[in-house]
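Chemist: One structure follows; several queries about it will come next.
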Amino acid sequence: MTAVLEVRDLQVRFSTPDGEVSAVNGVSFDVNESECVGIVGESGSGKSQLFMAVMGLLAKNGRALGSARYRGTELVGMPVKELNKIRGDKIAMIFQDSMTSLTPHLKIGRQMTEVLQQHKGMGEADSRARALDMLNLVRIPEAARRLNQYPHELSGGMRQRIMIAMALLCEPELLIADEPTTALDVTVQAQILELMADLKRVTKAAIVLITHDLGTVAGLCDRVQVMYGGRFMETGDVRSIFYEPQHPYTKGLLSSMPRLTEDRRTSLYAIPGQPPNLQRLPAGCPFQERCEFVHDRCVAELPVLSEARPGQDKACHLVSLQNPVTDPTRASIPVQPRADRPAAVA
Amino acid sequence: MTELLRVEDLKVHFPIRTGGVLFGKYTPLKAVDGVSFDLRAGETLGIVGESGCGKSTLGRAILRLIQPTGGRVVWMGSEDITGLGAEAMRRKRADMQIVFQDPLASLNPRMTIGDIIAEPLTVFQPELSKADRKARVKDMMAKVGLLPQMINRYPHEFSGGQCQRIGIARAMILNPKMIICDEPVSALDVSIQAQIVNLLMKLQEEFGLSLLFISHDLSVVRHVSHRVMVLYLGKVMEIADRDSIYAEPLHPYTQALISAVPVPDPDLEKGKERIVLGGDLPSPMNPPSGCVFRTRCPRATDICAQVVPPLEEKVPGHRAACHHWGPPGHPQA
Amino acid sequence: MTQDITGGAQRARIIEKAAQTSEEVQGRSLWQDARRRLFANKAAVASMVVLGIISLMALFAPLLSPHDYDAVYWDYIAVPPQMENSHWFGTDANGRDMFIRTLYGARVSLMVGIVTTFVALIIGVTYGAIAGYVGGRVDNLMMRVVDVLYSMPLMFFVIILVVVFGRNILLVFAAIGCVEWLTMARIVRGQTLSVKRKEYIEAARAAGVSNAAIIRRHIIPNVIGPVIVFMTLLVPVVILVESFLSFLGLGVQEPMTSWGVLISEGASQMENAPHMLIFPAIFLAVTLFCFNFIGDGLRDALDPKDR
């Protein structure tokens, strides 16, 4: 399978008054044609900033280092004019808050036809017809009427569908969806997820789903990559990640979620501690302060993402979760422990 | 179990100006439209629903932070607090507290957390010396999992989960009988949600609290609740004890809700027969006639538009408001 | 071990140390953050220094010059600045030393500016906070009163006062104060309306806190930011208005003087004794600049984006 997106050692840094903050700390992965990759992480994991960097949407005080190639073309550092030819056309992105992603004073039709006219050079009538087709594809009732409405006149669910429709207008090869259903009600979310599942079958686009909701990932994705503190902790196909997690963080996340199907009312497993402080990430494994299996080695050496089982990689020193001792054969990079931090307990 | 709270046909209608040049025409926005339930000591009632169902308004109306426009709220079996004067109501507040959804926004950014947690004490126990008050605050901080040394810090110096603990400490400091939790974990990371859920359950057990747990997250509600109530557009659709309602939901809306929740289990999730509701939420200013759910219900018939289905016991201990209640594929007349 | 999410490495070190001992950690309030930002603003700091110097000069005026402000020197009528007889700023048309008169003028102008603004602050904040918090008809009524008073012309009001009470420096205080609190009230009311909706106000009500305590403890500290900024920008306006009134002859009584009076006298002698105009004008302009820079610095420091 050829890769639509190849990311190598991507880093994202922000300069703030309190010093430099590293949001993404060197990630490498591929997204292949027609596959759906889920990027899972909580706040501070860097999952959104990773793709903002790929799309050239970082804030002014942010910079991206490393490489992100779309079919061989380097996106990091590309001038805006060139980037605009790819963005919206070949790579499309949809965001969490549809209300702020749509221009409030322009009608829906205008916003959609603008995309087509810009990228495909279509005329007014053609682009309008195509927009209508797209709205029907995402199952918006009374599509023709919607073209003349403003974003605030529509419900959240409908706006999100329109975002999806706009993203698919130019038949992109890669669709990046950043928390597309987080702001929606459960029943509306179900509608959108059904829609995305159907679209996945129909279009050939590769999809990247960025979310903290493991449930949506389980339903839509083929592969999953778990992020924490700006690095990947574990990657693999969706069934392996959910049924046989190899990393303590993944396991902890899955255990701490209350299940709709459980019977007992005992304590949930809760990962101790707080989300990572990006200004003071520990030098070794970013998860060291919250991990129940932490060793001295985790502080002194940064675990590298390498194979745990066929098709599943993890960044962890342990042999396995069932046998939580350090595995000397696992790849790692020795690091200078930060002078201002005490060593973690073994 | 003693009855702590009884809500009878509670209504909260907001008059919204919809026209009229000179005198103004007002249409009521029916946020809560006839909700009845009771809450016993030591139990958790989960209130679920989506946006617009009125669950947050309901919570605030019970505490009279918003004034109910109809119905009654009865406290401890005998006291009608709906029409209580401002001063009398203020005195009742020691027994009923609230935890909010946005952890940081519910804390005054200009006060130290010590002062924030101590504020209810200054209102209800002004005779306490400063040292005593401080000791109580530190004690409560330890109980909710905060380091007592942090007593002089400000809310913006804490993470979301810690801010929520501060909010819980403030709610707990007077040892209330009931706490209304308005989406207490929705704004938190998944790994932190479990911490706060555990904390609330631990406090409930230790202090015999009753909780009204308002949330849109059915998995969390399942975990914490003894009984569950489902709201839609200001009305109760179904109310039953936790196991019955999740194992055998009788109302089509509850069934759709449960089936819509994405489960973190790829085989289950990908093979799921999801009940997808069509249409959009109607406006609470113009709710459908008869059963408010009928515009999206897969089983709606003529009678649903004409007669409001009463909330009645269909199966022992399990009440639903539906003309065609029953498991999917088994409609009743 | 808890972690510090904001504030950088040093604070986190302090927190960790505290976690091991039982020492209480001092919090870093939003005011401290704002102060840090303010002092990083060079223009604002320079302005504060200059203003401080002018204030000290005004305060210690008798020590800085051998002359009295009303002492007449018949031999030195309208002389330009010279070292002889210590007339560093020259003398005015009556032979009085300009230097000491400029400093006394500073006293009057600064005092009027600051005192009046404070009075306007206290009345305006109380009025505005109550109107904003209570809302409804009371708010409506209170703000209509403000609207009516607002429409009254200042000069008219001052002239009436002067006619009734005669020329008096206190009239200037009263007149300007009566007008400036109106804008303050409007600003505070607007801020109160937006703070009123915040969740911590609801939390305070749920905790049984009385309305007066809510206004005092929750509303006022959170609306005071824009109010402070407005105050620093109000002081120069007040000084200007006072100068204008004095220029017209409605302000301070002779021989006491203010910058407005000095500028008025200086303007009439502009061709033959420009020094009479230049020095008070420079002082006035510099003071106004300083207040404006400080006001801008405060506004940036208290920027709500960072709250």
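Quick note on naming: the chains in the structure tokens go A, B, ... in the order shown, residues restart at 1 in each chain, and ligands are numbered from 1 in order of appearance.
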Would you please give, as a PyMOL selection string, all residues of region 37-257 of chain A that DSSP assigns to strand (DSSP E) based on the backbone?
Modeler: chain A and resi 37-40+62-70+73-74+91-94+174-178+206-211+223-228+231-237
Chemist: Using only C-alpha atoms, determine which residues lie at most 10 Å from Val223 (chain C), disregarding the query and same-chain residues fewer than 3 positions distant; provide the list as a PyMOL selection string.
Modeler: chain C and resi 125+129+187-195+218-220+226-228
Chemist: Would you write out those residues with C-alpha atoms, as a short mmCIF file (atom, residue, chain, number, x, y, z; two decimals), in the first residue's frame?
Modeler:
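Generated file (result_36.cif):
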```
data_model
loop_
_atom_site.label_atom_id
_atom_site.label_comp_id
_atom_site.auth_asym_id
_atom_site.auth_seq_id
_atom_site.Cartn_x
_atom_site.Cartn_y
_atom_site.Cartn_z
CA VAL C 125 -18.26 51.52 41.39
CA ALA C 129 -22.15 47.30 40.72
CA ILE C 187 -18.34 50.87 32.83
CA VAL C 188 -18.77 49.04 36.12
CA ARG C 189 -22.36 48.16 35.29
CA GLY C 190 -21.30 46.66 31.96
CA GLN C 191 -18.55 44.64 33.57
CA THR C 192 -20.89 43.52 36.33
CA LEU C 193 -23.38 42.26 33.80
CA SER C 194 -20.79 40.06 32.19
CA VAL C 195 -19.35 38.81 35.48
CA HIS C 218 -16.93 38.24 43.90
CA ILE C 219 -18.09 40.98 41.62
CA ILE C 220 -16.01 43.99 42.54
CA PRO C 226 -11.00 47.76 33.45
CA VAL C 227 -11.92 50.26 36.16
CA ILE C 228 -8.29 50.79 37.07
#
```
Chemist: Smallest atom-to-atom distance to Met227 (chain A): which of A:Gly284, A:Gly72, A:Gly38, A:Pro79, using only C-alpha atoms?
Modeler: A:Gly38
Chemist: Show me which bits of chain A are within 9 Å of chain B, counting only C-alpha atoms, as a VMD selection string.
Modeler: chain A and resid 42 to 43 141 155 157 to 158 184 to 191 194 212 to 221 238 to 239 242 to 243 252 to 254 256 to 275
Chemist: Determine, counting only C-alpha atoms, which protein, DNA and RNA residues have an atom within 10 Å of an atom of region 84-94 of chain C; residues of the same chain fewer than 5 positions away are not included. Present the result as an NGL selection string.
Modeler: :C and (65-67 or 70-74 or 76-79 or 99-102 or 262 or 265-266 or 269 or 273 or 275-280)
Chemist: Env of Ser101 (chain A): 10 Å cut, atoms = only C-alpha atoms, seq-sep filter 2 positions within chain, self excluded. Answer as a count of residues only.
Modeler: 12
Chemist: Just the residues within 12 Å of region 134-142 of chain B, please, counting only C-alpha atoms, with nothing from its chain fewer than 3 positions along; format it as a VMD selection string.
Modeler: (chain B and resid 112 to 122 125 128 to 131 145 to 152 162 to 175 199 203) or (chain C and resid 22 24)
Chemist: Could you write those residues out with C-alpha atoms, as an mmCIF file, in the first residue's frame?
Modeler:
```cif
data_model
loop_
_atom_site.group_PDB
_atom_site.id
_atom_site.type_symbol
_atom_site.label_atom_id
_atom_site.label_comp_id
_atom_site.auth_asym_id
_atom_site.auth_seq_id
_atom_site.Cartn_x
_atom_site.Cartn_y
_atom_site.Cartn_z
ATOM 1 C CA THR B 112 -7.240 31.540 47.015
ATOM 2 C CA ILE B 113 -8.655 28.055 47.087
ATOM 3 C CA GLY B 114 -8.525 28.154 50.875
ATOM 4 C CA ASP B 115 -10.914 31.099 50.841
ATOM 5 C CA ILE B 116 -13.079 29.501 48.185
ATOM 6 C CA ILE B 117 -13.528 26.305 50.161
ATOM 7 C CA ALA B 118 -14.018 28.220 53.411
ATOM 8 C CA GLU B 119 -16.689 30.557 52.064
ATOM 9 C CA PRO B 120 -19.699 28.374 52.956
ATOM 10 C CA LEU B 121 -18.272 28.124 56.470
ATOM 11 C CA THR B 122 -18.152 31.896 56.799
ATOM 12 C CA GLN B 125 -20.694 28.984 60.857
ATOM 13 C CA LEU B 128 -15.646 29.581 63.922
ATOM 14 C CA SER B 129 -12.230 31.056 64.603
ATOM 15 C CA LYS B 130 -9.888 31.609 61.682
ATOM 16 C CA ALA B 131 -7.651 28.798 62.862
ATOM 17 C CA GLY B 145 -7.109 14.342 47.409
ATOM 18 C CA LEU B 146 -5.524 17.798 47.382
ATOM 19 C CA LEU B 147 -2.296 18.593 49.188
ATOM 20 C CA PRO B 148 -3.206 20.782 52.176
ATOM 21 C CA GLN B 149 -0.070 22.861 51.610
ATOM 22 C CA MET B 150 -1.639 24.245 48.460
ATOM 23 C CA ILE B 151 -4.231 26.153 50.443
ATOM 24 C CA ASN B 152 -2.916 29.572 49.418
ATOM 25 C CA GLN B 162 -7.760 19.421 40.694
ATOM 26 C CA CYS B 163 -10.154 22.338 40.181
ATOM 27 C CA GLN B 164 -13.027 19.916 40.243
ATOM 28 C CA ARG B 165 -11.738 18.518 43.515
ATOM 29 C CA ILE B 166 -11.739 22.074 44.872
ATOM 30 C CA GLY B 167 -15.340 22.453 43.772
ATOM 31 C CA ILE B 168 -16.228 19.195 45.471
ATOM 32 C CA ALA B 169 -14.450 20.255 48.659
ATOM 33 C CA ARG B 170 -16.444 23.473 48.679
ATOM 34 C CA ALA B 171 -19.675 21.556 48.211
ATOM 35 C CA MET B 172 -18.782 19.083 50.951
ATOM 36 C CA ILE B 173 -17.483 21.423 53.617
ATOM 37 C CA LEU B 174 -20.863 21.883 55.275
ATOM 38 C CA ASN B 175 -21.603 18.171 55.215
ATOM 39 C CA LEU B 199 -13.861 10.299 44.655
ATOM 40 C CA LEU B 203 -17.512 10.423 49.576
ATOM 41 C CA SER C 22 4.363 20.458 55.009
ATOM 42 C CA GLU C 24 2.350 26.079 52.729
#
```
Chemist: Considering only C-alpha atoms, return as a ChimeraX atom specification whatever protein or nucleic-acid residues lie within 10 Å of region 26-32 of chain B, sequence-local ones (same chain, fewer than 5 positions apart) excluded.
Modeler: /B:9-20,52-58,61,68-70,231-236,283-287
Chemist: Which one of C:Phe157, C:Arg205, C:Pro221, C:Val172 sits closest to Met111 (chain B) if you count only C-alpha atoms?
Modeler: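 Answer, going by the shortest atom-to-atom distance: C:Pro221.
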Chemist: Neighbouring residues of Ala315 (chain A) were defined as those with any atom within 10 Å, considering only C-alpha atoms; residues of the same chain fewer than 6 positions away were excluded. Please report them as a list in words.
Modeler: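 The residues that qualify are Arg231, Phe232, Met233, Glu234, Thr235, Gln246, His247, Cys285, Leu302, Pro303, Val304, Leu305, Ser306, Glu307, Ala308, Arg330, Ala331 and Ser332 of chain A.
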Chemist: Just to be explicit: take each residue in the selection above, keep C-alpha atoms, and write the result as a CSV table (one decimal), in the first residue's frame.
Modeler:
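That gives us part-v9.csv:
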```
chain,number,residue,atom,x,y,z
A,231,ARG,CA,5.2,10.9,21.6
A,232,PHE,CA,3.6,7.7,20.5
A,233,MET,CA,3.2,5.2,23.3
A,234,GLU,CA,1.7,2.4,21.2
A,235,THR,CA,0.6,1.7,17.7
A,246,GLN,CA,0.9,-3.7,25.4
A,247,HIS,CA,1.6,-0.3,27.0
A,285,CYS,CA,9.6,8.2,29.3
A,302,LEU,CA,13.8,7.2,26.7
A,303,PRO,CA,12.0,4.1,25.3
A,304,VAL,CA,11.9,4.1,21.5
A,305,LEU,CA,8.8,2.9,19.6
A,306,SER,CA,9.6,-0.6,18.5
A,307,GLU,CA,7.9,-3.9,17.9
A,308,ALA,CA,6.1,-5.6,20.8
A,330,ARG,CA,14.2,-3.2,23.9
A,331,ALA,CA,15.6,-0.1,22.1
A,332,SER,CA,16.1,3.1,24.1
```
